[in-house]
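Text of input_10.txt, listed as compact mmCIF, C-alpha atoms:
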```txt
# COMPACT_ATOMS: atom_id res chain seq x y z
CA LEU V 6 15.53 -32.34 11.24
CA VAL V 7 15.31 -33.48 7.63
CA GLY V 8 12.69 -30.82 7.00
CA PHE V 9 14.79 -28.17 8.68
CA ALA V 10 17.85 -29.13 6.69
CA ARG V 11 15.90 -28.95 3.47
CA ILE V 12 14.39 -25.56 4.32
CA SER V 13 17.76 -24.19 5.39
CA SER V 14 19.49 -25.41 2.27
CA LEU V 15 16.74 -23.97 0.11
CA SER V 16 16.84 -20.61 1.82
CA CYS V 17 20.60 -20.41 1.21
CA CYS V 18 19.81 -20.11 -2.50
CA ARG V 19 18.20 -16.72 -1.88
CA ALA V 20 20.83 -14.54 -3.50
CA HIS V 21 21.04 -16.80 -6.53
CA LEU V 22 17.27 -16.98 -6.79
CA THR V 23 16.88 -13.23 -6.54
CA ARG V 24 18.80 -12.96 -9.77
CA ASN V 25 17.30 -15.98 -11.46
CA VAL V 26 13.83 -16.51 -9.94
CA ASN V 27 12.21 -16.48 -13.37
CA HIS V 28 14.63 -19.05 -14.73
CA PRO V 29 14.13 -22.33 -12.83
CA THR V 30 16.55 -24.18 -15.10
CA MET V 31 19.40 -22.07 -13.71
CA ILE V 32 18.81 -23.29 -10.14
CA GLY V 33 17.53 -26.78 -10.84
CA ALA V 34 13.94 -27.69 -11.47
CA ARG V 35 13.58 -29.78 -8.29
CA THR V 36 14.96 -27.06 -6.02
CA PHE V 37 12.84 -24.40 -7.67
CA GLY V 38 9.70 -26.54 -7.46
CA ALA V 39 10.31 -27.46 -3.83
CA MET V 40 10.83 -23.85 -2.83
CA ARG V 41 7.74 -22.65 -4.64
CA THR V 42 5.57 -25.44 -3.20
CA LEU V 43 6.82 -24.79 0.32
CA SER V 44 6.42 -21.04 0.15
CA ARG V 45 2.91 -21.23 -1.28
CA ALA V 46 1.88 -23.78 1.34
CA VAL V 47 2.90 -21.60 4.26
CA ALA V 48 1.89 -18.23 2.80
CA PRO V 49 -1.72 -18.09 4.08
CA ALA V 50 -0.72 -18.99 7.64
CA MET V 51 2.22 -16.60 7.68
CA ARG V 52 0.01 -13.73 6.56
CA GLN V 53 -2.52 -14.22 9.34
CA THR V 54 -0.31 -12.71 12.04
CA ASN V 55 1.87 -9.67 12.39
CA SER V 56 4.16 -11.39 14.91
CA PHE V 57 6.12 -14.41 13.73
CA ALA V 58 7.89 -17.08 15.69
CA THR V 59 11.66 -16.70 15.86
CA THR V 60 12.57 -20.36 15.57
CA PRO V 61 15.13 -21.27 12.88
CA ILE V 62 12.49 -23.14 10.89
CA ALA V 63 10.08 -20.19 10.96
CA CYS V 64 12.84 -17.79 9.94
CA ALA V 65 13.88 -20.06 7.08
CA MET V 66 10.27 -20.34 5.95
CA ARG V 67 9.90 -16.56 5.94
CA ARG V 68 13.08 -16.10 3.92
CA THR V 69 11.94 -18.68 1.42
CA MET V 70 8.42 -17.24 1.24
CA SER V 71 9.71 -13.71 0.70
CA ILE V 72 11.41 -14.81 -2.51
CA ASN V 73 8.51 -16.58 -4.15
CA VAL V 74 5.27 -15.26 -2.67
CA ASN V 75 3.99 -11.71 -2.73
CA PRO V 76 1.09 -11.60 -0.22
CA TYR V 77 -0.54 -8.79 -2.22
CA ASN V 78 -0.41 -10.73 -5.49
CA PRO V 79 -3.92 -11.81 -6.57
CA ASP V 80 -2.49 -15.11 -7.80
CA THR V 81 -1.05 -16.04 -4.40
CA PRO V 82 -3.01 -19.09 -3.15
CA GLY V 83 -5.35 -18.29 -0.29
CA TYR V 84 -5.08 -14.52 -0.64
CA GLU V 85 -8.11 -12.29 -0.97
CA PRO V 86 -8.17 -8.63 0.12
CA GLY V 87 -10.41 -7.97 3.11
CA VAL V 88 -10.80 -5.53 5.98
CA GLY V 89 -7.30 -4.65 7.16
CA SER V 90 -5.63 -5.46 3.84
CA ARG V 91 -3.42 -2.87 2.19
CA LEU V 92 -4.06 -2.43 -1.51
CA MET V 93 -1.17 -3.34 -3.79
CA LYS V 94 0.58 -0.18 -4.97
CA THR V 95 0.72 -1.37 -8.56
CA VAL V 96 -3.06 -1.23 -8.93
CA GLY V 97 -4.39 1.48 -11.22
CA LEU V 98 -7.58 2.46 -13.00
CA GLN V 99 -8.59 4.32 -16.14
CA LYS V 100 -10.27 7.61 -15.28
CA ALA V 101 -13.45 8.26 -17.26
CA ARG V 102 -12.62 10.50 -20.23
CA THR V 103 -13.09 10.88 -23.97
CA TRP V 104 -11.11 8.93 -26.56
CA ASP V 105 -9.22 12.09 -27.55
CA GLU V 106 -8.24 12.70 -23.93
CA GLY V 107 -7.08 9.10 -23.57
CA GLU V 108 -5.06 9.31 -26.74
CA ALA V 109 -3.47 12.56 -25.56
CA ASP V 110 -2.20 11.03 -22.29
CA GLY V 111 -1.08 7.77 -23.89
CA PHE V 112 -3.98 5.82 -22.36
CA ALA V 113 -2.23 6.02 -18.98
CA LYS V 114 -3.83 4.59 -15.86
CA THR V 115 -4.44 6.77 -12.84
CA SER V 116 -1.98 5.54 -10.22
CA TYR V 117 -2.61 4.09 -6.78
CA GLU V 118 -0.92 7.14 -5.26
CA THR V 119 -3.27 9.56 -7.03
CA ILE V 120 -6.40 7.67 -6.01
CA PHE V 121 -5.66 6.34 -2.52
CA GLU V 122 -2.48 7.64 -0.91
CA GLY V 123 -3.11 9.90 2.08
CA LYS V 124 -6.87 9.91 1.43
CA LYS V 125 -10.09 8.41 2.71
CA VAL V 126 -11.84 7.01 -0.35
CA VAL V 127 -15.22 5.32 -0.71
CA VAL V 128 -15.27 2.86 -3.61
CA PHE V 129 -18.30 1.14 -5.06
CA SER V 130 -18.04 -1.32 -7.89
CA VAL V 131 -20.87 -2.21 -10.25
CA PRO V 132 -21.39 -5.01 -12.79
CA GLY V 133 -21.88 -2.71 -15.75
CA ALA V 134 -22.41 0.84 -16.96
CA PHE V 135 -25.97 1.73 -18.02
CA THR V 136 -27.39 -1.47 -16.45
CA GLY V 137 -30.54 -1.64 -14.33
CA VAL V 138 -29.70 -1.58 -10.61
CA CYS V 139 -26.39 0.20 -11.24
CA HIS V 140 -28.03 3.03 -13.18
CA LYS V 141 -31.31 3.39 -11.33
CA ALA V 142 -30.27 2.78 -7.73
CA HIS V 143 -26.61 2.17 -6.93
CA VAL V 144 -25.03 5.32 -8.35
CA PRO V 145 -27.89 7.60 -7.17
CA SER V 146 -27.56 6.22 -3.62
CA TYR V 147 -24.09 7.79 -3.50
CA GLY V 148 -24.78 10.89 -5.55
CA LYS V 149 -27.56 12.11 -3.27
CA ASN V 150 -25.40 11.59 -0.18
CA MET V 151 -22.21 13.34 -1.26
CA ALA V 152 -22.56 16.11 1.33
CA GLU V 153 -22.88 13.52 4.10
CA PHE V 154 -19.77 11.68 2.89
CA LYS V 155 -17.77 14.91 2.89
CA ALA V 156 -19.02 15.68 6.39
CA LYS V 157 -17.63 12.32 7.54
CA GLY V 158 -14.18 13.15 6.20
CA ILE V 159 -14.34 11.25 2.92
CA ASP V 160 -12.05 12.82 0.32
CA SER V 161 -13.54 11.16 -2.75
CA VAL V 162 -16.20 8.69 -3.84
CA ILE V 163 -15.40 6.58 -6.89
CA CYS V 164 -17.43 4.23 -9.06
CA ILE V 165 -15.66 1.33 -10.80
CA SER V 166 -16.87 -1.02 -13.50
CA VAL V 167 -15.20 -3.45 -15.90
CA ASN V 168 -15.82 -1.10 -18.81
CA ASP V 169 -13.60 1.11 -20.93
CA PRO V 170 -13.17 4.69 -19.64
CA TYR V 171 -15.00 6.15 -22.66
CA CYS V 172 -18.12 4.15 -21.82
CA MET V 173 -17.82 5.27 -18.18
CA ASN V 174 -17.50 8.87 -19.33
CA ALA V 175 -20.67 8.64 -21.43
CA TRP V 176 -22.50 6.93 -18.57
CA LYS V 177 -21.57 9.65 -16.10
CA LYS V 178 -22.86 12.29 -18.50
CA GLN V 179 -26.16 10.50 -18.94
CA LEU V 180 -26.59 10.11 -15.17
CA GLY V 181 -26.33 13.87 -14.76
CA ASP V 182 -27.15 15.14 -11.28
CA ALA V 183 -27.48 11.58 -9.94
CA ALA V 184 -23.71 11.20 -10.34
CA GLU V 185 -22.73 14.67 -9.13
CA GLY V 186 -19.43 14.60 -7.23
CA ILE V 187 -18.62 10.95 -8.03
CA ASP V 188 -15.42 10.07 -9.87
CA PHE V 189 -15.87 7.31 -12.47
CA TYR V 190 -13.13 4.84 -13.39
CA GLY V 191 -13.02 2.03 -15.90
CA ASP V 192 -11.29 -1.20 -14.90
CA SER V 193 -10.75 -1.71 -18.60
CA ASP V 194 -8.44 -4.73 -18.35
CA GLY V 195 -10.18 -6.22 -15.29
CA SER V 196 -6.94 -6.16 -13.28
CA PHE V 197 -8.40 -4.32 -10.27
CA THR V 198 -11.40 -6.65 -10.14
CA HIS V 199 -9.09 -9.67 -10.42
CA TYR V 200 -6.91 -8.27 -7.63
CA MET V 201 -9.98 -7.88 -5.40
CA HIS V 202 -11.13 -11.43 -6.31
CA LYS V 203 -14.53 -10.08 -7.33
CA GLU V 204 -14.80 -11.55 -10.84
CA PHE V 205 -18.27 -12.71 -11.84
CA ASP V 206 -19.50 -14.38 -15.02
CA LEU V 207 -22.43 -12.32 -16.30
CA LYS V 208 -22.44 -13.45 -19.92
CA GLY V 209 -25.94 -14.82 -19.29
CA SER V 210 -27.06 -11.20 -18.90
CA ALA V 211 -25.26 -10.21 -22.13
CA LEU V 212 -22.42 -8.66 -20.13
CA GLY V 213 -19.25 -9.99 -21.68
CA PRO V 214 -17.16 -11.08 -23.37
CA ALA V 215 -15.11 -11.95 -20.26
CA PHE V 216 -15.82 -11.57 -16.53
CA ARG V 217 -17.41 -8.57 -14.84
CA SER V 218 -17.33 -7.41 -11.22
CA THR V 219 -19.81 -8.43 -8.60
CA ARG V 220 -21.39 -5.56 -6.67
CA TYR V 221 -19.52 -4.32 -3.61
CA SER V 222 -18.43 -1.21 -1.74
CA MET V 223 -15.49 -0.38 0.49
CA MET V 224 -13.86 2.46 2.38
CA VAL V 225 -10.12 2.71 1.92
CA ASP V 226 -8.07 4.83 4.34
CA ASN V 227 -4.57 5.63 3.02
CA GLY V 228 -4.55 2.39 1.03
CA VAL V 229 -5.95 0.15 3.80
CA ILE V 230 -9.44 -1.36 3.51
CA LYS V 231 -11.47 -0.33 6.56
CA VAL V 232 -14.98 -1.29 5.41
CA LEU V 233 -15.98 -3.92 2.83
CA ASN V 234 -19.56 -4.78 1.86
CA VAL V 235 -20.12 -7.45 -0.79
CA GLU V 236 -23.51 -8.35 -2.24
CA LYS V 237 -24.46 -12.03 -2.39
CA ARG V 238 -25.68 -11.57 -5.97
CA PRO V 239 -24.74 -8.82 -8.43
CA GLY V 240 -28.38 -7.93 -9.07
CA GLU V 241 -28.99 -7.07 -5.40
CA LEU V 242 -28.46 -3.81 -3.54
CA GLU V 243 -28.73 -4.78 0.10
CA VAL V 244 -25.37 -4.00 1.73
CA SER V 245 -23.36 -1.85 -0.71
CA SER V 246 -25.59 1.22 -1.11
CA GLY V 247 -24.57 4.73 -0.19
CA GLU V 248 -26.82 4.66 2.86
CA LYS V 249 -25.27 1.42 4.16
CA MET V 250 -21.77 2.84 3.67
CA LEU V 251 -22.66 6.02 5.55
CA ALA V 252 -23.97 3.94 8.44
CA ALA V 253 -20.70 1.98 8.54
CA LEU V 254 -18.44 5.04 8.67
```

I need this file expressed as structure tokens, please.
Amino acid sequence: LVGFARISSLSCCRAHLTRNVNHPTMIGARTFGAMRTLSRAVAPAMRQTNSFATTPIACAMRRTMSINVNPYNPDTPGYEPGVGSRLMKTVGLQKARTWDEGEADGFAKTSYETIFEGKKVVVFSVPGAFTGVCHKAHVPSYGKNMAEFKAKGIDSVICISVNDPYCMNAWKKQLGDAAEGIDFYGDSDGSFTHYMHKEFDLKGSALGPAFRSTRYSMMVDNGVIKVLNVEKRPGELEVSSGEKMLAAL
């Protein structure tokens, strides 16, 4: 009963919090802290089901959670995108292009809607442009199978790396026919990789200065992840190749 009373009283602050959620001093530090702690604690469990209990406590928890926890936020405790997850609509990537082209469009990201909405998209992410396995095996495994991907209803195949889009543009040119039909994108600020929880420290391989992406592939259907293959180590190509993705479709 004490717990229910506390949850109910906290959830009654919803309208006030909606206006002042970024200003805990305006609602009281203890109330703000209690609400945030509660909502973060229940978030993982609440996300695991599409049908929620209708008890007063559960309803109060959901109202409280909806204020403070975005289940698609990469900083939400316990959240990591997987099969069945819908990609957050604020994600975006830098399409491979020249510096002059980037300057002309204001260095704008390509939006979620442009890349994923209403499409079946195969994504493969690599640790670094021009690097060994990525250059010699990973990209070619998709390039040589583009006709097969199209035959299976895939609208686009994209390669992502934590690199700037100008580097990705130069890499695609050097790959030539091996990259034919693949769209290259730079995750220049690492935000997409952070969202996917695929950061990996590769400074030991002179890939820095911050984190890079581990190697993985996925198929995204209208924004929802349908297939996800993650390598155990970024230097391996066992489960994320073009051939493995074709077999999974």

- Extract, using only C-alpha atoms, all DNA, RNA and protein residues at most 10 Å from Ser196 in chain V, discarding same-chain residues fewer than 2 positions from it, and format them as a PyMOL selection string. chain V and resi 79+96-98+167+192-194+198-202+204

Just-selected residues, C-alpha atoms written as a tab-separated table (two decimals), in the coordinates of the input:
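So the final result, stored in again_34.tsv, reads:
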```
chain	number	residue	atom	x	y	z
V	79	PRO	CA	-3.92	-11.81	-6.57
V	96	VAL	CA	-3.06	-1.23	-8.93
V	97	GLY	CA	-4.39	1.48	-11.22
V	98	LEU	CA	-7.58	2.46	-13.00
V	167	VAL	CA	-15.20	-3.45	-15.90
V	192	ASP	CA	-11.29	-1.20	-14.90
V	193	SER	CA	-10.75	-1.71	-18.60
V	194	ASP	CA	-8.44	-4.73	-18.35
V	198	THR	CA	-11.40	-6.65	-10.14
V	199	HIS	CA	-9.09	-9.67	-10.42
V	200	TYR	CA	-6.91	-8.27	-7.63
V	201	MET	CA	-9.98	-7.88	-5.40
V	202	HIS	CA	-11.13	-11.43	-6.31
V	204	GLU	CA	-14.80	-11.55	-10.84
```

- Item | Selected residue of minimal separation from Ser245 in chain V among V:Leu92, V:Ala152, V:Ala109, V:Val128, counting only C-alpha atoms | V:Val128

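The gap separating CA of Tyr190 in chain V from CA of Trp104 in chain V is 13.9 Å, in Å to one decimal.
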
- Using all atoms listed in the file, the best pick from V:Pro145, V:Gly89, V:Pro132, V:Gly186 as closest to Thr219 in chain V would be V:Pro132

- Task: Check the smallest atom-to-atom distance from each of V:Ala175, V:Leu251, V:Ser116, V:Glu106 to Phe197 in chain V using all atoms listed in the file, then report the winner.
- Result: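 Going through V:Ala175, V:Leu251, V:Ser116, V:Glu106 one by one, the smallest distance to Phe197 in chain V is for V:Ser116.
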
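Closest approach to Val131 in chain V among V:Cys164, V:Val88, V:Met250, V:Leu233: V:Cys164, based on only C-alpha atoms.
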
- Query: With all atoms listed in the file as the basis for distance, which of V:Glu108, V:Phe189, V:Ile165, V:Lys125 is at the shortest distance from Lys231 in chain V?
  - Reply: V:Lys125

- Task: Quick one: everything within 12 Å of Glu236 in chain V, counting all atoms listed in the file, minus sequence neighbours fewer than 6 positions away in the same chain. Send it as a ChimeraX atom specification.
- Result: /V:129-132,143,203,205,218-223,242-246,249

- Have a look at CA of Tyr171 in chain V and CA of Thr103 in chain V and let me know their distance in Å, one decimal. 5.3 Å

- Item | Between CA of Ala252 in chain V and CA of Tyr147 in chain V, distance in Å (one decimal) | 12.5 Å
